Every structure is written in structure tokens, then in C-alpha cells.
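Containing TSV, C-alpha atoms: my_file-v6.tsv.
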chain	number	residue	atom	x	y	z
A	1	MET	CA	0.00	0.00	0.00
A	2	ASP	CA	2.70	2.43	-1.02
A	3	LYS	CA	1.83	5.78	-2.50
A	4	ILE	CA	3.70	6.86	-5.60
A	5	ASN	CA	5.26	10.30	-5.80
A	6	LEU	CA	5.35	11.25	-9.46
A	7	GLU	CA	8.18	13.77	-9.24
A	8	GLN	CA	10.38	11.29	-7.38
A	9	LYS	CA	9.63	8.57	-9.92
A	10	PHE	CA	10.36	10.77	-12.92
A	11	ALA	CA	13.65	11.76	-11.29
A	12	GLN	CA	14.66	8.09	-11.46
A	13	ILE	CA	14.10	7.90	-15.22
A	14	PRO	CA	17.31	8.87	-17.07
A	15	ASP	CA	16.28	8.24	-20.66
A	16	TYR	CA	13.66	9.21	-23.23
A	17	TRP	CA	10.99	6.94	-24.74
A	18	LYS	CA	11.59	4.20	-22.19
A	19	PRO	CA	8.37	3.94	-20.17
A	20	ARG	CA	8.56	2.51	-16.67
A	21	VAL	CA	5.68	0.74	-14.98
A	22	ALA	CA	4.79	2.61	-11.79
A	23	ALA	CA	1.60	0.74	-10.94
A	24	GLU	CA	-0.97	-1.72	-12.19
A	25	SER	CA	-4.71	-1.42	-11.70
A	26	ASN	CA	-7.48	-3.49	-13.24
A	27	GLY	CA	-5.09	-5.00	-15.76
A	28	GLN	CA	-3.88	-1.58	-16.84
A	29	HIS	CA	-0.34	-0.29	-16.57
A	30	VAL	CA	0.40	3.15	-15.25
A	31	ARG	CA	3.51	3.89	-17.27
A	32	LEU	CA	5.72	6.91	-16.68
A	33	ALA	CA	7.88	8.16	-19.52
A	34	LYS	CA	10.12	11.05	-20.36
A	35	LEU	CA	9.74	12.08	-23.98
A	36	LYS	CA	11.82	14.28	-26.24
A	37	GLY	CA	11.74	14.42	-30.01
A	38	GLU	CA	9.52	12.48	-32.39
A	39	PHE	CA	8.16	8.99	-31.93
A	40	VAL	CA	6.69	6.96	-34.83
A	41	TRP	CA	3.29	6.84	-36.48
A	42	HIS	CA	1.29	3.91	-35.16
A	43	SER	CA	-2.07	2.84	-33.81
A	44	HIS	CA	-3.31	0.21	-31.41
A	45	ASP	CA	-5.98	-2.08	-32.82
A	46	ASP	CA	-7.65	-3.00	-29.53
A	47	GLU	CA	-6.45	-0.58	-26.89
A	48	ASP	CA	-7.16	3.00	-25.96
A	49	GLU	CA	-4.40	5.08	-24.41
A	50	LEU	CA	-4.88	7.69	-21.72
A	51	PHE	CA	-2.19	10.38	-21.71
A	52	ILE	CA	-1.78	12.75	-18.77
A	53	VAL	CA	0.94	15.37	-19.15
A	54	VAL	CA	2.59	16.35	-15.89
A	55	LYS	CA	5.41	18.45	-17.34
A	56	GLY	CA	5.96	20.10	-20.69
A	57	ARG	CA	3.80	20.17	-23.78
A	58	LEU	CA	3.13	17.09	-25.86
A	59	ARG	CA	2.05	17.43	-29.46
A	60	VAL	CA	0.00	14.46	-30.57
A	61	ARG	CA	-0.14	14.34	-34.33
A	62	PHE	CA	-3.13	12.75	-35.99
A	63	ARG	CA	-3.57	12.40	-39.74
A	64	ASP	CA	-6.03	15.33	-39.81
A	65	GLN	CA	-4.88	17.54	-36.95
A	66	ASP	CA	-2.38	18.10	-34.17
A	67	VAL	CA	-3.49	18.28	-30.53
A	68	GLU	CA	-1.23	20.00	-28.01
A	69	VAL	CA	-1.53	18.54	-24.56
A	70	CYS	CA	0.00	20.73	-21.87
A	71	GLU	CA	0.85	20.23	-18.22
A	72	GLY	CA	-2.36	19.43	-16.32
A	73	GLU	CA	-4.15	18.17	-19.40
A	74	MET	CA	-5.09	14.73	-20.61
A	75	LEU	CA	-6.13	13.07	-23.84
A	76	VAL	CA	-7.58	9.71	-24.76
A	77	ILE	CA	-6.20	8.19	-27.96
A	78	PRO	CA	-8.95	5.85	-29.11
A	79	ARG	CA	-8.04	2.43	-30.41
A	80	GLY	CA	-7.50	2.29	-34.15
A	81	VAL	CA	-6.55	5.93	-34.52
A	82	GLU	CA	-3.14	6.62	-36.05
A	83	HIS	CA	-1.05	9.02	-34.03
A	84	MET	CA	2.52	10.17	-33.48
A	85	PRO	CA	3.64	11.82	-30.24
A	86	VAL	CA	6.10	14.67	-30.63
A	87	ALA	CA	7.83	16.40	-27.73
A	88	ASP	CA	9.61	19.53	-28.90
A	89	GLU	CA	10.86	19.96	-25.34
A	90	GLU	CA	11.09	17.36	-22.57
A	91	VAL	CA	7.72	15.98	-21.53
A	92	HIS	CA	6.84	13.92	-18.48
A	93	LEU	CA	3.93	11.68	-19.36
A	94	ILE	CA	1.62	9.32	-17.52
A	95	ASN	CA	0.38	6.74	-20.01
A	96	ILE	CA	-2.39	4.47	-18.76
A	97	THR	CA	-3.30	1.59	-20.99
A	98	ARG	CA	-3.81	-2.15	-20.92
A	99	ALA	CA	-0.82	-4.07	-19.60
A	100	GLU	CA	-0.44	-5.85	-22.93
A	101	THR	CA	-0.31	-2.66	-25.02
A	102	THR	CA	2.91	-2.43	-26.99
A	103	MET	CA	4.54	0.92	-27.58
A	104	THR	CA	4.10	1.01	-31.35
A	105	GLY	CA	0.96	-1.10	-31.69
A	106	ASN	CA	0.51	-2.36	-35.22
A	107	VAL	CA	3.91	-1.13	-36.40
A	108	ASP	CA	7.15	-3.05	-36.12
A	109	SER	CA	9.75	-0.66	-34.84
A	110	ASP	CA	12.99	-0.81	-32.93
A	111	ARG	CA	11.55	2.03	-30.83
A	112	ALA	CA	9.17	-0.42	-29.15
A	113	ILE	CA	10.44	-2.02	-25.94
A	114	PRO	CA	8.98	-5.51	-25.60
A	115	ILE	CA	6.43	-5.69	-22.77
A	116	SER	CA	8.51	-8.31	-20.99
A	117	GLN	CA	11.42	-5.88	-20.88
A	118	LEU	CA	9.51	-2.90	-19.48
A	119	GLN	CA	11.12	-1.94	-16.20
A	120	LYS	CA	9.36	-0.89	-13.03
A	121	VAL	CA	9.95	2.40	-11.31
B	1	MET	CA	-10.23	14.16	-30.03
B	2	ASP	CA	-10.60	16.83	-27.40
B	3	LYS	CA	-7.99	17.26	-24.74
B	4	ILE	CA	-9.19	17.66	-21.17
B	5	ASN	CA	-7.90	20.46	-18.99
B	6	LEU	CA	-8.09	19.27	-15.41
B	7	GLU	CA	-8.21	22.70	-13.77
B	8	GLN	CA	-11.04	23.81	-16.04
B	9	LYS	CA	-12.97	20.62	-15.37
B	10	PHE	CA	-12.60	20.85	-11.60
B	11	ALA	CA	-13.80	24.47	-11.77
B	12	GLN	CA	-17.08	23.15	-13.16
B	13	ILE	CA	-17.67	20.85	-10.20
B	14	PRO	CA	-19.56	22.71	-7.45
B	15	ASP	CA	-20.10	19.93	-4.93
B	16	TYR	CA	-18.20	17.39	-2.86
B	17	TRP	CA	-18.30	13.59	-3.26
B	18	LYS	CA	-20.07	13.79	-6.60
B	19	PRO	CA	-17.62	12.37	-9.17
B	20	ARG	CA	-17.96	13.43	-12.78
B	21	VAL	CA	-16.88	11.29	-15.71
B	22	ALA	CA	-14.27	13.21	-17.70
B	23	ALA	CA	-13.23	10.39	-20.04
B	24	GLU	CA	-13.46	6.69	-20.72
B	25	SER	CA	-10.60	4.46	-21.82
B	26	ASN	CA	-10.52	0.68	-22.12
B	27	GLY	CA	-13.75	0.35	-20.17
B	28	GLN	CA	-12.43	2.48	-17.34
B	29	HIS	CA	-13.85	5.76	-16.18
B	30	VAL	CA	-11.67	8.75	-15.49
B	31	ARG	CA	-13.71	10.34	-12.73
B	32	LEU	CA	-12.97	13.76	-11.28
B	33	ALA	CA	-14.19	14.57	-7.80
B	34	LYS	CA	-13.87	17.25	-5.19
B	35	LEU	CA	-13.70	15.79	-1.71
B	36	LYS	CA	-14.06	17.32	1.72
B	37	GLY	CA	-14.75	15.53	4.96
B	38	GLU	CA	-15.11	11.81	5.56
B	39	PHE	CA	-16.54	9.23	3.20
B	40	VAL	CA	-17.60	5.74	4.35
B	41	TRP	CA	-15.73	2.50	4.96
B	42	HIS	CA	-16.13	0.19	1.98
B	43	SER	CA	-14.31	-2.09	-0.42
B	44	HIS	CA	-14.77	-3.19	-4.00
B	45	ASP	CA	-14.88	-6.94	-4.49
B	46	ASP	CA	-13.65	-6.99	-8.07
B	47	GLU	CA	-12.18	-3.61	-8.90
B	48	ASP	CA	-8.99	-1.77	-8.12
B	49	GLU	CA	-9.07	1.99	-7.85
B	50	LEU	CA	-6.32	4.35	-8.98
B	51	PHE	CA	-6.27	7.65	-7.11
B	52	ILE	CA	-4.23	10.61	-8.36
B	53	VAL	CA	-4.35	13.71	-6.16
B	54	VAL	CA	-4.07	16.95	-8.12
B	55	LYS	CA	-4.83	19.32	-5.24
B	56	GLY	CA	-4.80	18.98	-1.48
B	57	ARG	CA	-3.95	16.01	0.71
B	58	LEU	CA	-6.11	12.91	0.84
B	59	ARG	CA	-5.92	10.61	3.82
B	60	VAL	CA	-6.87	7.08	2.87
B	61	ARG	CA	-7.67	5.12	5.98
B	62	PHE	CA	-7.12	1.38	5.98
B	63	ARG	CA	-7.88	-0.92	8.89
B	64	ASP	CA	-4.20	-1.12	9.83
B	65	GLN	CA	-2.79	2.22	8.70
B	66	ASP	CA	-3.48	5.60	7.15
B	67	VAL	CA	-1.82	6.66	3.92
B	68	GLU	CA	-1.59	10.37	3.10
B	69	VAL	CA	-1.64	11.06	-0.61
B	70	CYS	CA	-0.56	14.58	-1.49
B	71	GLU	CA	-0.67	16.65	-4.64
B	72	GLY	CA	1.35	14.91	-7.34
B	73	GLU	CA	1.02	11.50	-5.73
B	74	MET	CA	-1.01	8.44	-6.57
B	75	LEU	CA	-2.17	5.29	-4.85
B	76	VAL	CA	-3.75	2.05	-6.01
B	77	ILE	CA	-6.46	0.67	-3.72
B	78	PRO	CA	-6.48	-3.04	-4.48
B	79	ARG	CA	-9.77	-4.84	-4.83
B	80	GLY	CA	-11.07	-6.31	-1.61
B	81	VAL	CA	-9.27	-3.91	0.69
B	82	GLU	CA	-11.44	-1.89	3.06
B	83	HIS	CA	-10.73	1.81	2.97
B	84	MET	CA	-12.21	5.17	3.84
B	85	PRO	CA	-11.10	8.37	2.12
B	86	VAL	CA	-10.87	11.42	4.38
B	87	ALA	CA	-10.20	14.94	3.13
B	88	ASP	CA	-9.47	17.28	6.01
B	89	GLU	CA	-9.23	20.09	3.47
B	90	GLU	CA	-10.61	20.21	-0.06
B	91	VAL	CA	-9.06	17.62	-2.36
B	92	HIS	CA	-9.21	17.38	-6.14
B	93	LEU	CA	-8.99	13.74	-7.10
B	94	ILE	CA	-8.68	11.77	-10.32
B	95	ASN	CA	-10.19	8.35	-9.73
B	96	ILE	CA	-9.62	5.81	-12.48
B	97	THR	CA	-11.52	2.57	-12.17
B	98	ARG	CA	-13.76	0.27	-14.15
B	99	ALA	CA	-16.84	1.99	-15.51
B	100	GLU	CA	-19.08	-0.27	-13.47
B	101	THR	CA	-17.40	0.48	-10.13
B	102	THR	CA	-19.86	1.92	-7.64
B	103	MET	CA	-18.76	4.54	-5.16
B	104	THR	CA	-19.23	2.46	-2.02
B	105	GLY	CA	-18.67	-1.01	-3.44
B	106	ASN	CA	-19.99	-3.71	-1.15
B	107	VAL	CA	-21.71	-1.24	1.19
B	108	ASP	CA	-25.20	0.14	0.75
B	109	SER	CA	-25.01	3.85	1.37
B	110	ASP	CA	-26.89	6.95	0.40
B	111	ARG	CA	-23.46	8.46	-0.31
B	112	ALA	CA	-23.21	6.32	-3.46
B	113	ILE	CA	-24.46	7.90	-6.67
B	114	PRO	CA	-25.83	5.20	-8.98
B	115	ILE	CA	-23.60	4.69	-12.01
B	116	SER	CA	-26.47	5.62	-14.32
B	117	GLN	CA	-26.71	9.00	-12.62
B	118	LEU	CA	-23.04	9.90	-12.80
B	119	GLN	CA	-22.74	13.11	-14.76
B	120	LYS	CA	-20.09	13.95	-17.33
B	121	VAL	CA	-17.82	16.93	-17.10

As a first step, turn the structure in this file into C-alpha cells.
Amino acid sequence: MDKINLEQKFAQIPDYWKPRVAAESNGQHVRLAKLKGEFVWHSHDDEDELFIVVKGRLRVRFRDQDVEVCEGEMLVIPRGVEHMPVADEEVHLINITRAETTMTGNVDSDRAIPISQLQKV
Amino acid sequence: MDKINLEQKFAQIPDYWKPRVAAESNGQHVRLAKLKGEFVWHSHDDEDELFIVVKGRLRVRFRDQDVEVCEGEMLVIPRGVEHMPVADEEVHLINITRAETTMTGNVDSDRAIPISQLQKV
């Protein structure tokens, strides 16, 4: 029954685009990630993703628009919708999704860390 | 594809202990609630609850300990564990749990708003 201090957890993450699992609830991972730069276009066939930005400004590109998600804001990326996260400056992100959700969904990419290799924080 | 600004959403909530549904993701509700005072002892047989405190300090009482969850901290309440949230001062809480999770779980209480009557925000 340990509470999780987000700032302390983010301080333990030294690298970008390497989510850490901070908690699990109802089969969902609470993943914390530092982001900087562009990710890759992808979608998840069967999983929604909940993004909560706790630091910085995340630009989520969709095929028809960009959505800027700032500190204190959240966004649900519905399953099946192509998107590409872009962090022009460092972003601290809470990503809540099903525990089996891979980072790049339907796209093979060396940017995706296999679920079995996701570290805890 | 609308982002959700937490501060703006909380500003629209006038009352305590009346969660609003701000989003849904993978069958889970993202509920926003203002809390003040004591709730009731209860547990949820089949659902975990993820609490993220965005303002104030929430005391979560368990039968064997209290856990204080402050701004920028989160806590998972595992299914089956009796707890009682207490907000000595106003708390703004994100509560993420399955969409069918009732407010007082296995306890009948007039403090529980029926799922069908939960409002959106």
C-alpha cells in the first residue's frame, strides 16, 4: 500500500521513450515516460491510451490535426486511430493503458520495448 | 479528439463527493471529484481503484494504517481492501476505475451515486 510520488519517480528515469511501470490497476499499466523528439506513427488495434501530461507540452499528431496537450491536461487516444507523439521539449507523461499494449501497436519498430522488458519504477 | 484540462474541469464541479466522468478508456472511467470531509468504509470486491491527487492532501484510511496522498502523488487501492477516504481540506482527485465500479462497493449507502446517474464533465 505504497503511495507513488510522481516527481520522485520521474527523477529516477534517465532516458527518453523508455516507459517505466509505476503501478498496475485493473489489468492496466500506469507507465511513466520522459519524452523528447519524435516517436513513430502507429495505432493500437484494440487498446485506448490515456495520456496525462505532468510536465511540458506534448504534441499528438493525428492524420487530420495536431493536438497540443500541456501540463495538467489529458487526452484519450482511441483504439484504431493513427497518431505520433512529438515532444519539442522534454515531456513527463503518464500513459495508462492495458498491460499488454505495446509501444508502437501495429507497427514493427525498434523504438518499441517488448512488454517483458519494461522496467518498473 | 478533445484534450481535457483538469483545472477547467474541476472548476465546473460545485459539490463534494459527486464524481464526474471526464473520459473513458478501455472500459475504465476517469472520474474527477472534489472531496471534503469523511466518506464511508467500503471495499470493491472486483475492482482496483487508482487515485491521483491533483490538489490537497487525501488521507486514505485502511484498517491497519493511514496513507496520506498529497498533490502529485497516486495510490492504487487493491480490490477487496477496506478503505475510507478522508479529506481534512478540499481535495481534487482523479479516480480511475472500471466503468461499473460503484462509489461504495460492497456497502449500501446513500453516499453512493448510482452509475447511471453519474454526470459527465

Test item: which residues lie within 12 Å of (-26.3, 9.6, -12.9) counting only C-alpha atoms, as a ChimeraX atom specification: /B:18-21,102-103,112-121

How about saving the chosen residues, C-alpha atoms kept, as an mmCIF file, in the coordinates of the input?
data_model
loop_
_atom_site.group_PDB
_atom_site.id
_atom_site.type_symbol
_atom_site.label_atom_id
_atom_site.label_comp_id
_atom_site.auth_asym_id
_atom_site.auth_seq_id
_atom_site.Cartn_x
_atom_site.Cartn_y
_atom_site.Cartn_z
ATOM 1 C CA LYS B 18 -20.070 13.790 -6.600
ATOM 2 C CA PRO B 19 -17.620 12.370 -9.170
ATOM 3 C CA ARG B 20 -17.960 13.430 -12.780
ATOM 4 C CA VAL B 21 -16.880 11.290 -15.710
ATOM 5 C CA THR B 102 -19.860 1.920 -7.640
ATOM 6 C CA MET B 103 -18.760 4.540 -5.160
ATOM 7 C CA ALA B 112 -23.210 6.320 -3.460
ATOM 8 C CA ILE B 113 -24.460 7.900 -6.670
ATOM 9 C CA PRO B 114 -25.830 5.200 -8.980
ATOM 10 C CA ILE B 115 -23.600 4.690 -12.010
ATOM 11 C CA SER B 116 -26.470 5.620 -14.320
ATOM 12 C CA GLN B 117 -26.710 9.000 -12.620
ATOM 13 C CA LEU B 118 -23.040 9.900 -12.800
ATOM 14 C CA GLN B 119 -22.740 13.110 -14.760
ATOM 15 C CA LYS B 120 -20.090 13.950 -17.330
ATOM 16 C CA VAL B 121 -17.820 16.930 -17.100
#

Atom CA of B:Glu90 sits from atom CA of A:Glu49 at a separation of 29.3 Å

After a least-squares superposition on chain B using every in-order C-alpha pair, I'd like chain A written out as an mmCIF file with C-alpha atoms, in the coordinates of the input.
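Output below, filename result_8.cif:
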data_model
loop_
_atom_site.group_PDB
_atom_site.id
_atom_site.type_symbol
_atom_site.label_atom_id
_atom_site.label_comp_id
_atom_site.auth_asym_id
_atom_site.auth_seq_id
_atom_site.Cartn_x
_atom_site.Cartn_y
_atom_site.Cartn_z
ATOM 1 C CA MET A 1 -10.244 14.138 -30.021
ATOM 2 C CA ASP A 2 -10.604 16.820 -27.392
ATOM 3 C CA LYS A 3 -7.995 17.269 -24.716
ATOM 4 C CA ILE A 4 -9.193 17.657 -21.154
ATOM 5 C CA ASN A 5 -7.890 20.470 -18.986
ATOM 6 C CA LEU A 6 -8.093 19.274 -15.403
ATOM 7 C CA GLU A 7 -8.205 22.691 -13.755
ATOM 8 C CA GLN A 8 -11.026 23.815 -16.042
ATOM 9 C CA LYS A 9 -12.978 20.631 -15.360
ATOM 10 C CA PHE A 10 -12.596 20.861 -11.595
ATOM 11 C CA ALA A 11 -13.780 24.470 -11.777
ATOM 12 C CA GLN A 12 -17.072 23.156 -13.176
ATOM 13 C CA ILE A 13 -17.652 20.856 -10.200
ATOM 14 C CA PRO A 14 -19.563 22.724 -7.457
ATOM 15 C CA ASP A 15 -20.094 19.944 -4.940
ATOM 16 C CA TYR A 16 -18.201 17.387 -2.870
ATOM 17 C CA TRP A 17 -18.307 13.593 -3.268
ATOM 18 C CA LYS A 18 -20.070 13.792 -6.618
ATOM 19 C CA PRO A 19 -17.619 12.373 -9.166
ATOM 20 C CA ARG A 20 -17.977 13.434 -12.782
ATOM 21 C CA VAL A 21 -16.886 11.297 -15.702
ATOM 22 C CA ALA A 22 -14.270 13.197 -17.706
ATOM 23 C CA ALA A 23 -13.223 10.386 -20.029
ATOM 24 C CA GLU A 24 -13.473 6.687 -20.717
ATOM 25 C CA SER A 25 -10.613 4.464 -21.812
ATOM 26 C CA ASN A 26 -10.518 0.692 -22.111
ATOM 27 C CA GLY A 27 -13.754 0.354 -20.173
ATOM 28 C CA GLN A 28 -12.421 2.488 -17.345
ATOM 29 C CA HIS A 29 -13.865 5.776 -16.174
ATOM 30 C CA VAL A 30 -11.671 8.746 -15.476
ATOM 31 C CA ARG A 31 -13.712 10.342 -12.721
ATOM 32 C CA LEU A 32 -12.971 13.767 -11.283
ATOM 33 C CA ALA A 33 -14.190 14.573 -7.796
ATOM 34 C CA LYS A 34 -13.875 17.263 -5.199
ATOM 35 C CA LEU A 35 -13.693 15.800 -1.716
ATOM 36 C CA LYS A 36 -14.066 17.330 1.718
ATOM 37 C CA GLY A 37 -14.744 15.535 4.967
ATOM 38 C CA GLU A 38 -15.116 11.812 5.565
ATOM 39 C CA PHE A 39 -16.532 9.238 3.196
ATOM 40 C CA VAL A 40 -17.592 5.742 4.357
ATOM 41 C CA TRP A 41 -15.728 2.506 4.951
ATOM 42 C CA HIS A 42 -16.128 0.194 1.981
ATOM 43 C CA SER A 43 -14.296 -2.073 -0.419
ATOM 44 C CA HIS A 44 -14.765 -3.176 -3.994
ATOM 45 C CA ASP A 45 -14.863 -6.932 -4.487
ATOM 46 C CA ASP A 46 -13.647 -7.004 -8.089
ATOM 47 C CA GLU A 47 -12.188 -3.616 -8.901
ATOM 48 C CA ASP A 48 -8.996 -1.774 -8.125
ATOM 49 C CA GLU A 49 -9.075 2.001 -7.832
ATOM 50 C CA LEU A 50 -6.330 4.338 -8.965
ATOM 51 C CA PHE A 51 -6.274 7.646 -7.087
ATOM 52 C CA ILE A 52 -4.247 10.599 -8.352
ATOM 53 C CA VAL A 53 -4.347 13.704 -6.170
ATOM 54 C CA VAL A 54 -4.065 16.944 -8.102
ATOM 55 C CA LYS A 55 -4.831 19.329 -5.240
ATOM 56 C CA GLY A 56 -4.788 18.974 -1.482
ATOM 57 C CA ARG A 57 -3.952 16.014 0.698
ATOM 58 C CA LEU A 58 -6.109 12.917 0.834
ATOM 59 C CA ARG A 59 -5.930 10.610 3.815
ATOM 60 C CA VAL A 60 -6.859 7.072 2.877
ATOM 61 C CA ARG A 61 -7.676 5.102 5.979
ATOM 62 C CA PHE A 62 -7.122 1.372 5.964
ATOM 63 C CA ARG A 63 -7.894 -0.925 8.881
ATOM 64 C CA ASP A 64 -4.187 -1.132 9.808
ATOM 65 C CA GLN A 65 -2.792 2.216 8.698
ATOM 66 C CA ASP A 66 -3.488 5.598 7.158
ATOM 67 C CA VAL A 67 -1.806 6.668 3.912
ATOM 68 C CA GLU A 68 -1.583 10.370 3.098
ATOM 69 C CA VAL A 69 -1.641 11.048 -0.598
ATOM 70 C CA CYS A 70 -0.557 14.570 -1.490
ATOM 71 C CA GLU A 71 -0.680 16.656 -4.641
ATOM 72 C CA GLY A 72 1.360 14.901 -7.345
ATOM 73 C CA GLU A 73 1.017 11.502 -5.732
ATOM 74 C CA MET A 74 -1.017 8.445 -6.567
ATOM 75 C CA LEU A 75 -2.183 5.286 -4.853
ATOM 76 C CA VAL A 76 -3.751 2.054 -6.008
ATOM 77 C CA ILE A 77 -6.457 0.677 -3.720
ATOM 78 C CA PRO A 78 -6.479 -3.036 -4.475
ATOM 79 C CA ARG A 79 -9.776 -4.831 -4.816
ATOM 80 C CA GLY A 80 -11.065 -6.327 -1.591
ATOM 81 C CA VAL A 81 -9.245 -3.917 0.683
ATOM 82 C CA GLU A 82 -11.417 -1.902 3.064
ATOM 83 C CA HIS A 83 -10.714 1.799 2.965
ATOM 84 C CA MET A 84 -12.215 5.169 3.837
ATOM 85 C CA PRO A 85 -11.108 8.383 2.128
ATOM 86 C CA VAL A 86 -10.872 11.422 4.372
ATOM 87 C CA ALA A 87 -10.199 14.942 3.124
ATOM 88 C CA ASP A 88 -9.476 17.278 6.014
ATOM 89 C CA GLU A 89 -9.241 20.092 3.475
ATOM 90 C CA GLU A 90 -10.606 20.212 -0.075
ATOM 91 C CA VAL A 91 -9.052 17.625 -2.364
ATOM 92 C CA HIS A 92 -9.224 17.388 -6.137
ATOM 93 C CA LEU A 93 -9.007 13.745 -7.108
ATOM 94 C CA ILE A 94 -8.683 11.768 -10.313
ATOM 95 C CA ASN A 95 -10.194 8.339 -9.715
ATOM 96 C CA ILE A 96 -9.624 5.803 -12.477
ATOM 97 C CA THR A 97 -11.511 2.572 -12.170
ATOM 98 C CA ARG A 98 -13.766 0.273 -14.141
ATOM 99 C CA ALA A 99 -16.851 1.986 -15.527
ATOM 100 C CA GLU A 100 -19.088 -0.290 -13.473
ATOM 101 C CA THR A 101 -17.405 0.481 -10.137
ATOM 102 C CA THR A 102 -19.866 1.907 -7.645
ATOM 103 C CA MET A 103 -18.760 4.534 -5.174
ATOM 104 C CA THR A 104 -19.228 2.460 -2.028
ATOM 105 C CA GLY A 105 -18.645 -1.015 -3.446
ATOM 106 C CA ASN A 106 -19.998 -3.694 -1.156
ATOM 107 C CA VAL A 107 -21.709 -1.232 1.186
ATOM 108 C CA ASP A 108 -25.192 0.155 0.738
ATOM 109 C CA SER A 109 -25.006 3.852 1.374
ATOM 110 C CA ASP A 110 -26.892 6.959 0.395
ATOM 111 C CA ARG A 111 -23.464 8.462 -0.338
ATOM 112 C CA ALA A 112 -23.190 6.310 -3.467
ATOM 113 C CA ILE A 113 -24.466 7.898 -6.681
ATOM 114 C CA PRO A 114 -25.841 5.196 -8.970
ATOM 115 C CA ILE A 115 -23.610 4.678 -12.019
ATOM 116 C CA SER A 116 -26.465 5.605 -14.332
ATOM 117 C CA GLN A 117 -26.719 8.978 -12.616
ATOM 118 C CA LEU A 118 -23.027 9.889 -12.791
ATOM 119 C CA GLN A 119 -22.727 13.101 -14.758
ATOM 120 C CA LYS A 120 -20.098 13.949 -17.330
ATOM 121 C CA VAL A 121 -17.819 16.927 -17.078
#

Please check the contacts: residues of chain A at most 7 Å away from chain B, using only C-alpha atoms, listed as number ranges by chain.
A: 2-6, 25-26, 47-50, 69, 72-76

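In this comparison, which uses all atoms listed in the file, the residue of B:Pro14, B:Gly105, B:Gly37, B:Pro85 approaching B:Arg63 most closely is B:Pro85.
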
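If only C-alpha atoms are the atoms counted, then among B:Glu82, B:Asp64, B:Glu89, B:Asp15 the closest residue to B:Thr104 is B:Glu82.
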